[in-house]
file upload.txt (compact mmCIF, C-alpha atoms and all ligand atoms)
# COMPACT_ATOMS: atom_id res chain seq x y z
CA MET A 1 8.51 -24.58 -6.98
CA ALA A 2 8.14 -21.37 -5.00
CA THR A 3 6.18 -21.00 -1.79
CA VAL A 4 3.18 -18.90 -2.76
CA ILE A 5 2.67 -16.15 -0.17
CA ASP A 6 -1.05 -15.94 0.52
CA GLY A 7 -1.67 -12.24 1.12
CA LYS A 8 -5.35 -12.79 1.85
CA ALA A 9 -4.58 -15.27 4.63
CA VAL A 10 -1.90 -13.04 6.19
CA ALA A 11 -4.25 -10.05 5.95
CA GLN A 12 -6.94 -12.05 7.75
CA ILE A 13 -4.59 -12.83 10.65
CA ILE A 14 -3.61 -9.15 10.96
CA ARG A 15 -7.27 -8.09 10.75
CA SER A 16 -8.16 -10.21 13.76
CA GLU A 17 -5.24 -8.59 15.68
CA ILE A 18 -6.60 -5.17 14.67
CA ALA A 19 -10.14 -6.10 15.78
CA ASP A 20 -8.74 -6.99 19.23
CA GLU A 21 -7.03 -3.58 19.47
CA VAL A 22 -10.23 -1.79 18.45
CA ARG A 23 -12.14 -3.64 21.20
CA LEU A 24 -9.49 -2.74 23.78
CA LEU A 25 -9.60 0.96 22.84
CA SER A 26 -13.35 0.95 23.09
CA GLN A 27 -13.34 -0.81 26.50
CA LYS A 28 -10.60 1.43 27.96
CA TYR A 29 -11.59 4.84 26.57
CA GLY A 30 -15.09 4.39 25.13
CA LYS A 31 -13.79 5.56 21.75
CA VAL A 32 -13.57 3.94 18.32
CA PRO A 33 -10.94 4.70 15.67
CA GLY A 34 -12.21 6.84 12.78
CA LEU A 35 -10.96 6.87 9.17
CA ALA A 36 -11.95 9.48 6.59
CA VAL A 37 -12.01 8.14 3.04
CA VAL A 38 -11.93 11.02 0.57
CA ILE A 39 -12.62 10.27 -3.06
CA VAL A 40 -12.82 12.65 -6.00
CA GLY A 41 -14.66 11.68 -9.20
CA ASN A 42 -16.00 8.41 -10.52
CA ARG A 43 -12.97 6.34 -11.56
CA LYS A 44 -14.14 2.75 -11.31
CA ASP A 45 -10.89 1.43 -9.79
CA SER A 46 -10.72 4.21 -7.17
CA GLN A 47 -14.38 3.70 -6.25
CA SER A 48 -13.70 0.00 -5.84
CA TYR A 49 -10.60 0.53 -3.63
CA ALA A 50 -12.38 3.14 -1.50
CA GLY A 51 -15.32 0.71 -1.19
CA MET A 52 -12.97 -2.05 0.03
CA LYS A 53 -11.56 0.30 2.66
CA ARG A 54 -15.00 1.33 3.90
CA LYS A 55 -16.18 -2.29 4.04
CA ALA A 56 -13.06 -3.38 5.94
CA CYS A 57 -13.59 -0.53 8.45
CA ALA A 58 -17.16 -1.69 9.07
CA GLU A 59 -15.99 -5.28 9.61
CA LEU A 60 -13.41 -4.27 12.23
CA GLY A 61 -15.46 -1.71 14.16
CA ILE A 62 -13.63 1.31 12.73
CA LYS A 63 -15.93 4.24 11.91
CA SER A 64 -15.51 5.47 8.34
CA PHE A 65 -16.28 9.04 7.33
CA ASP A 66 -17.13 9.15 3.64
CA VAL A 67 -16.29 12.27 1.66
CA ASP A 68 -17.31 11.88 -2.00
CA LEU A 69 -16.53 14.88 -4.18
CA PRO A 70 -17.39 15.46 -7.85
CA GLU A 71 -14.72 15.21 -10.57
CA GLN A 72 -14.84 19.00 -11.11
CA VAL A 73 -14.31 19.95 -7.46
CA SER A 74 -11.75 22.74 -7.07
CA GLN A 75 -8.43 22.17 -5.32
CA ALA A 76 -9.41 24.86 -2.79
CA GLU A 77 -12.65 23.04 -1.91
CA LEU A 78 -10.82 19.71 -1.54
CA ILE A 79 -8.26 21.32 0.76
CA LYS A 80 -11.07 22.92 2.78
CA GLN A 81 -12.58 19.46 3.32
CA VAL A 82 -9.19 18.11 4.42
CA HIS A 83 -8.82 20.99 6.91
CA GLU A 84 -12.23 20.16 8.41
CA LEU A 85 -11.20 16.51 8.83
CA ASN A 86 -7.90 17.62 10.41
CA VAL A 87 -9.80 19.21 13.32
CA ASN A 88 -12.52 16.57 13.66
CA PRO A 89 -11.69 14.75 16.95
CA ASP A 90 -13.48 11.57 15.82
CA VAL A 91 -11.29 11.24 12.72
CA HIS A 92 -7.89 9.68 13.45
CA GLY A 93 -6.83 8.94 9.90
CA ILE A 94 -7.39 10.69 6.56
CA LEU A 95 -6.78 9.17 3.17
CA VAL A 96 -7.30 10.85 -0.16
CA GLN A 97 -7.76 8.16 -2.80
CA LEU A 98 -5.21 8.53 -5.62
CA PRO A 99 -4.91 9.37 -8.44
CA LEU A 100 -6.67 12.74 -8.28
CA PRO A 101 -8.04 14.45 -11.41
CA LYS A 102 -5.42 16.27 -13.49
CA HIS A 103 -6.49 19.80 -12.44
CA ILE A 104 -5.59 19.06 -8.81
CA ASN A 105 -2.01 19.15 -7.54
CA GLU A 106 -1.70 15.94 -5.51
CA GLU A 107 1.32 17.05 -3.55
CA LYS A 108 -0.41 20.27 -2.44
CA VAL A 109 -3.41 18.31 -1.16
CA LEU A 110 -1.34 15.63 0.61
CA THR A 111 0.73 18.34 2.31
CA GLU A 112 -2.45 19.72 3.90
CA ILE A 113 -3.25 16.48 5.73
CA SER A 114 -2.33 16.73 9.42
CA LEU A 115 0.88 14.73 10.00
CA GLU A 116 -0.78 12.91 12.91
CA LYS A 117 -3.63 11.73 10.64
CA ASP A 118 -1.54 10.88 7.54
CA VAL A 119 -2.33 7.14 7.65
CA ASP A 120 -1.31 6.71 3.99
CA GLY A 121 2.15 8.03 4.93
CA PHE A 122 2.26 10.23 1.79
CA HIS A 123 2.83 13.61 3.47
CA PRO A 124 6.18 14.94 2.16
CA LEU A 125 7.45 15.26 5.77
CA ASN A 126 6.63 11.62 6.52
CA ILE A 127 8.33 10.53 3.27
CA GLY A 128 11.27 12.84 4.07
CA LYS A 129 11.74 11.19 7.48
CA LEU A 130 11.65 7.79 5.80
CA ALA A 131 14.58 8.94 3.67
CA MET A 132 16.64 10.06 6.70
CA LYS A 133 18.91 7.76 8.66
CA GLY A 134 17.89 7.48 12.29
CA ARG A 135 14.50 9.16 11.78
CA ASP A 136 11.13 7.44 11.67
CA PRO A 137 7.96 8.81 10.08
CA LEU A 138 4.72 8.72 12.07
CA PHE A 139 3.22 6.44 9.41
CA LEU A 140 4.72 4.21 6.71
CA PRO A 141 3.06 4.10 3.26
CA CYS A 142 0.71 1.10 3.18
CA THR A 143 1.82 -0.89 0.12
CA PRO A 144 5.58 -0.72 0.86
CA LYS A 145 4.92 -1.56 4.54
CA ALA A 146 2.75 -4.48 3.37
CA CYS A 147 5.58 -5.79 1.15
CA ILE A 148 8.03 -5.82 4.08
CA GLU A 149 5.47 -7.43 6.40
CA LEU A 150 4.81 -10.20 3.84
CA LEU A 151 8.56 -10.89 3.59
CA GLN A 152 8.98 -10.93 7.37
CA ARG A 153 5.93 -13.09 8.07
CA SER A 154 7.16 -15.56 5.40
CA GLY A 155 10.52 -15.86 7.18
CA VAL A 156 12.53 -14.07 4.47
CA SER A 157 15.40 -12.18 6.09
CA ILE A 158 16.23 -8.80 4.55
CA LYS A 159 19.41 -7.73 6.34
CA GLY A 160 22.46 -7.93 4.09
CA LYS A 161 20.43 -9.16 1.10
CA LYS A 162 20.53 -7.75 -2.43
CA ALA A 163 17.13 -6.20 -3.16
CA VAL A 164 15.92 -4.79 -6.46
CA VAL A 165 12.86 -2.56 -6.65
CA VAL A 166 11.35 -2.26 -10.12
CA GLY A 167 9.65 1.15 -10.44
CA ARG A 168 10.18 4.45 -8.65
CA SER A 169 6.69 5.84 -8.00
CA ASN A 170 6.11 8.06 -4.96
CA ILE A 171 3.53 5.67 -3.52
CA VAL A 172 5.32 2.33 -3.97
CA GLY A 173 8.75 2.05 -5.63
CA LEU A 174 10.57 4.88 -3.92
CA PRO A 175 9.27 4.29 -0.35
CA ALA A 176 9.70 0.50 -0.77
CA SER A 177 13.36 1.02 -1.63
CA LEU A 178 13.80 3.30 1.43
CA LEU A 179 12.16 0.72 3.70
CA LEU A 180 14.41 -2.05 2.39
CA LEU A 181 17.41 0.21 3.00
CA LYS A 182 16.21 0.85 6.57
CA ALA A 183 16.01 -2.94 6.97
CA ASP A 184 19.72 -3.13 5.95
CA ALA A 185 19.32 -4.55 2.42
CA THR A 186 21.58 -3.40 -0.40
CA VAL A 187 19.08 -1.76 -2.70
CA THR A 188 19.03 -1.08 -6.44
CA ILE A 189 16.15 0.66 -8.22
CA VAL A 190 15.38 -0.36 -11.78
CA HIS A 191 13.24 2.06 -13.83
CA SER A 192 12.22 2.89 -17.38
CA HIS A 193 15.68 4.31 -18.24
CA THR A 194 17.64 1.38 -16.82
CA SER A 195 19.46 -0.58 -19.48
CA GLN A 196 19.35 -4.38 -19.29
CA PRO A 197 17.06 -4.56 -16.24
CA GLU A 198 16.96 -8.36 -16.53
CA SER A 199 20.64 -8.73 -15.60
CA ILE A 200 20.21 -6.46 -12.54
CA ILE A 201 17.04 -8.24 -11.42
CA HIS A 202 18.81 -11.60 -11.84
CA GLU A 203 21.27 -10.63 -9.08
CA ALA A 204 18.51 -9.96 -6.54
CA ASP A 205 17.67 -12.06 -3.49
CA ILE A 206 14.53 -9.95 -3.10
CA VAL A 207 12.54 -8.38 -5.96
CA ILE A 208 9.73 -5.90 -5.42
CA ALA A 209 7.97 -5.36 -8.75
CA ALA A 210 6.02 -2.11 -8.99
CA ALA A 211 6.40 -0.99 -12.58
CA GLY A 212 2.78 -1.20 -13.73
CA GLN A 213 3.83 -3.32 -16.76
CA PRO A 214 1.83 -6.54 -17.17
CA MET A 215 4.01 -9.67 -16.86
CA MET A 216 7.17 -7.72 -17.69
CA ILE A 217 9.41 -9.82 -15.43
CA LYS A 218 10.02 -13.25 -16.92
CA GLY A 219 10.99 -16.45 -15.14
CA ASN A 220 14.56 -16.40 -16.47
CA TRP A 221 15.09 -12.90 -14.99
CA ILE A 222 14.69 -14.32 -11.47
CA LYS A 223 17.57 -15.67 -9.40
CA PRO A 224 16.74 -19.22 -8.24
CA GLY A 225 15.37 -19.10 -4.69
CA ALA A 226 14.69 -15.34 -4.69
CA ALA A 227 11.69 -13.79 -2.91
CA VAL A 228 9.44 -12.03 -5.41
CA ILE A 229 6.82 -9.53 -4.25
CA ASP A 230 4.52 -8.43 -7.07
CA VAL A 231 2.74 -5.12 -6.53
CA GLY A 232 1.42 -4.83 -10.11
CA THR A 233 -2.35 -4.87 -10.60
CA ASN A 234 -2.84 -4.73 -14.37
CA ALA A 235 -6.10 -5.46 -16.15
CA VAL A 236 -5.55 -7.37 -19.40
CA ASP A 237 -8.21 -8.37 -21.94
CA ASP A 238 -9.61 -11.84 -21.41
CA PRO A 239 -12.65 -12.75 -23.52
CA THR A 240 -13.14 -15.94 -21.45
CA LYS A 241 -14.08 -13.82 -18.42
CA LYS A 242 -17.52 -12.35 -17.90
CA SER A 243 -15.91 -8.99 -17.14
CA GLY A 244 -13.83 -9.20 -20.33
CA TYR A 245 -10.57 -8.81 -18.40
CA ARG A 246 -8.39 -10.42 -15.75
CA LEU A 247 -5.82 -9.02 -13.36
CA VAL A 248 -2.14 -9.87 -13.76
CA GLY A 249 0.95 -8.66 -11.95
CA ASP A 250 4.21 -7.20 -13.23
CA VAL A 251 5.72 -10.68 -12.95
CA ASP A 252 4.98 -13.64 -15.20
CA PHE A 253 3.71 -15.75 -12.30
CA GLU A 254 3.61 -19.08 -14.11
CA GLU A 255 7.25 -18.85 -15.17
CA ALA A 256 8.62 -17.10 -12.09
CA SER A 257 6.97 -19.45 -9.58
CA LYS A 258 9.07 -22.29 -11.05
CA VAL A 259 12.29 -20.45 -10.18
CA ALA A 260 11.63 -18.25 -7.13
CA GLY A 261 11.80 -19.35 -3.49
CA TRP A 262 8.74 -17.27 -2.53
CA ILE A 263 6.27 -15.36 -4.69
CA THR A 264 3.08 -13.35 -4.21
CA PRO A 265 0.16 -13.94 -6.59
CA VAL A 266 -2.01 -11.30 -8.26
CA PRO A 267 -4.75 -11.06 -7.19
CA GLY A 268 -4.50 -12.19 -3.57
CA GLY A 269 -0.98 -11.07 -2.70
CA VAL A 270 -0.02 -7.51 -1.84
CA GLY A 271 -3.46 -5.97 -2.62
CA PRO A 272 -5.39 -7.31 0.39
CA MET A 273 -2.43 -6.41 2.61
CA THR A 274 -2.51 -2.77 1.40
CA VAL A 275 -6.02 -2.25 2.78
CA THR A 276 -5.20 -4.13 6.00
CA THR A 277 -2.08 -2.02 6.56
CA LEU A 278 -4.15 1.13 6.20
CA LEU A 279 -6.46 -0.12 8.96
CA LYS A 280 -3.45 -0.96 11.11
CA ASN A 281 -2.04 2.56 10.61
CA THR A 282 -5.46 4.02 11.49
CA VAL A 283 -5.66 2.11 14.76
CA GLU A 284 -2.05 3.09 15.63
CA GLY A 285 -2.94 6.73 14.94
CA ALA A 286 -6.14 6.51 16.98
CA LYS A 287 -4.29 4.95 19.93
CA ARG A 288 -1.67 7.72 19.86
CA TYR A 289 -4.32 10.45 19.58
CA ILE A 290 -6.68 9.05 22.23
CA GLU A 291 -3.88 8.40 24.74
CA GLN A 292 -2.43 11.91 24.26
CA ASN A 293 -5.80 13.61 24.57
CA ASN A 294 -7.25 11.60 27.41
N1 LIG B 301 -4.60 7.00 -1.17
C1 LIG B 301 -4.16 5.90 -1.80
N2 LIG B 301 -4.40 5.73 -3.10
C2 LIG B 301 -3.93 4.60 -3.72
C3 LIG B 301 -3.22 3.61 -3.00
C4 LIG B 301 -2.97 3.84 -1.64
O1 LIG B 301 -2.30 3.02 -0.93
N3 LIG B 301 -3.46 4.99 -1.06
N4 LIG B 301 -2.86 2.41 -3.63
C5 LIG B 301 -3.44 2.06 -4.91
C6 LIG B 301 -4.78 1.39 -4.89
N5 LIG B 301 -5.15 0.62 -3.70
C7 LIG B 301 -5.49 1.28 -2.58
O2 LIG B 301 -5.89 2.39 -2.55
C8 LIG B 301 -5.38 -0.79 -3.76
C9 LIG B 301 -5.01 -1.54 -4.84
C10 LIG B 301 -5.30 -2.91 -4.91
C11 LIG B 301 -5.99 -3.53 -3.89
C12 LIG B 301 -6.39 -4.96 -3.92
O3 LIG B 301 -6.82 -5.50 -2.91
N6 LIG B 301 -6.30 -5.63 -5.06
C13 LIG B 301 -6.79 -6.98 -5.19
C14 LIG B 301 -7.54 -7.13 -6.49
C15 LIG B 301 -8.75 -6.28 -6.49
C16 LIG B 301 -9.68 -6.52 -7.66
O4 LIG B 301 -10.07 -7.65 -7.89
O5 LIG B 301 -10.02 -5.52 -8.32
C17 LIG B 301 -5.63 -7.98 -5.16
O6 LIG B 301 -4.52 -7.61 -5.57
O7 LIG B 301 -5.87 -9.10 -4.74
C18 LIG B 301 -6.34 -2.78 -2.79
C19 LIG B 301 -6.05 -1.43 -2.73
C20 LIG B 301 -3.60 3.33 -5.76
N7 LIG B 301 -4.20 4.40 -5.04

call {"tool": "encode", "arguments": {"input": "upload.txt", "output": "structure tokens"}}
result
Amino acid sequence: MATVIDGKAVAQIIRSEIADEVRLLSQKYGKVPGLAVVIVGNRKDSQSYAGMKRKACAELGIKSFDVDLPEQVSQAELIKQVHELNVNPDVHGILVQLPLPKHINEEKVLTEISLEKDVDGFHPLNIGKLAMKGRDPLFLPCTPKACIELLQRSGVSIKGKKAVVVGRSNIVGLPASLLLLKADATVTIVHSHTSQPESIIHEADIVIAAAGQPMMIKGNWIKPGAAVIDVGTNAVDDPTKKSGYRLVGDVDFEEASKVAGWITPVPGGVGPMTVTTLLKNTVEGAKRYIEQNN
């Protein structure tokens, strides 16, 4: 049976470390870190994630700046708001909740966020540096950074291991594969055009599943003893639940946990760590900004 990696518990430990840093900053400089949470439209999932981020800020003494824009807002207006946050000295991190409505070009908006405040790590220059040997971005994207932190804190070594990332999205799959490469793993990316993904995944010592396909990865696809990090958050119908649905990952947890060495559950695995990593990035950014401008 696999060791189940409790993302909530690890996130709680990191949150208390962050709270200490926030207190120190406040004692030393009389300043608190500030995070702008920008959300466009009324998507229920985005509202819920933005709400979690705001609540976590309040719990740790980080000031959140809420920018709520209507679904129909123009790209120009959204960019104007980002520019205002870029020059606000109390804002040390800016995140634009994704996905954005179809009429807005995400890349254009993300490119307008000041590099020093790009706590999501999605600015093309930060991603570009992640892809370059010997260069480090100012911020690492939260979910991929959370995956690596969960592996490290669980005692899973990455160097020299075979890692397979399932999915190649800009916000998880691609940066996760670059981070594993930076940590000296041998990395393969499996995606929707890969033939026989199961045989490739079966070779992996480390699997990061970020395909957005409910329970796609079966127990017999997993190499015995492998570390399995499940990023999927898929809602599937469940008439036994009051909500009418339940969340499942990209991995068939019941099967895979009988074979893997380590596995993250959904919910309660990578998700809570994503929000915590964002707070960590915000405090790092605030420290850098406050120390440079003091
Ligand atoms: N600007 C960003 N947009 C998005 C990101 C991101 O990192 N930056 N990632 C995802 C959504 N996301 C954060 O924004 C996120 C997803 C899931 C969770 C989480 O804690 N999930 C829980 C379950 C929550 C529930 O019950 O509904 C879990 O897995 O335990 C947090 C944040 C896309 N957009």

call {"tool": "residues_near_ligand", "arguments": {"input": "upload.txt", "ligand": "ligand LIG 301 (chain B)", "cutoff": "7 Å", "atoms": "only C-alpha atoms and all ligand atoms", "output": "PyMOL selection string"}}
result
chain A and resi 46+49-50+95-99+120+141-143+171+233+266-272+274-275

call {"tool": "closest_residue", "arguments": {"input": "upload.txt", "among": "A:Val165, A:Val82, A:Ala19, A:Ile113", "to": "A:Gly61", "atoms": "all atoms listed in the file"}}
result
A:Ala19

call {"tool": "atom_distance", "arguments": {"input": "upload.txt", "atom1": "atom CA of A:Asn234", "atom2": "atom CA of A:Phe253"}}
result
13.0 Å

call {"tool": "atom_distance", "arguments": {"input": "upload.txt", "atom1": "atom CA of A:Ile104", "atom2": "atom CA of A:Pro175"}}
result
22.6 Å

call {"tool": "closest_residue", "arguments": {"input": "upload.txt", "among": "A:Lys218, A:Lys31, A:Arg168, A:Arg153", "to": "A:Asp252", "atoms": "only C-alpha atoms"}}
result
A:Lys218

call {"tool": "atom_distance", "arguments": {"input": "upload.txt", "atom1": "atom CA of A:Lys223", "atom2": "atom CA of A:Lys182"}}
result
23.0 Å

call {"tool": "residues_around", "arguments": {"input": "upload.txt", "residues": "A:Val22", "least_positions_apart": "4", "cutoff": "7 Å", "atoms": "only C-alpha atoms", "output": "PyMOL selection string"}}
result
chain A and resi 18+26+32+61

call {"tool": "closest_residue", "arguments": {"input": "upload.txt", "among": "A:Lys161, A:Lys63, A:His83, A:Lys133", "to": "A:Ile206", "atoms": "all atoms listed in the file"}}
result
A:Lys161

call {"tool": "closest_residue", "arguments": {"input": "upload.txt", "among": "A:Leu151, A:Leu181, A:Leu115, A:Asp205", "to": "A:Ala131", "atoms": "all atoms listed in the file"}}
result
A:Leu181
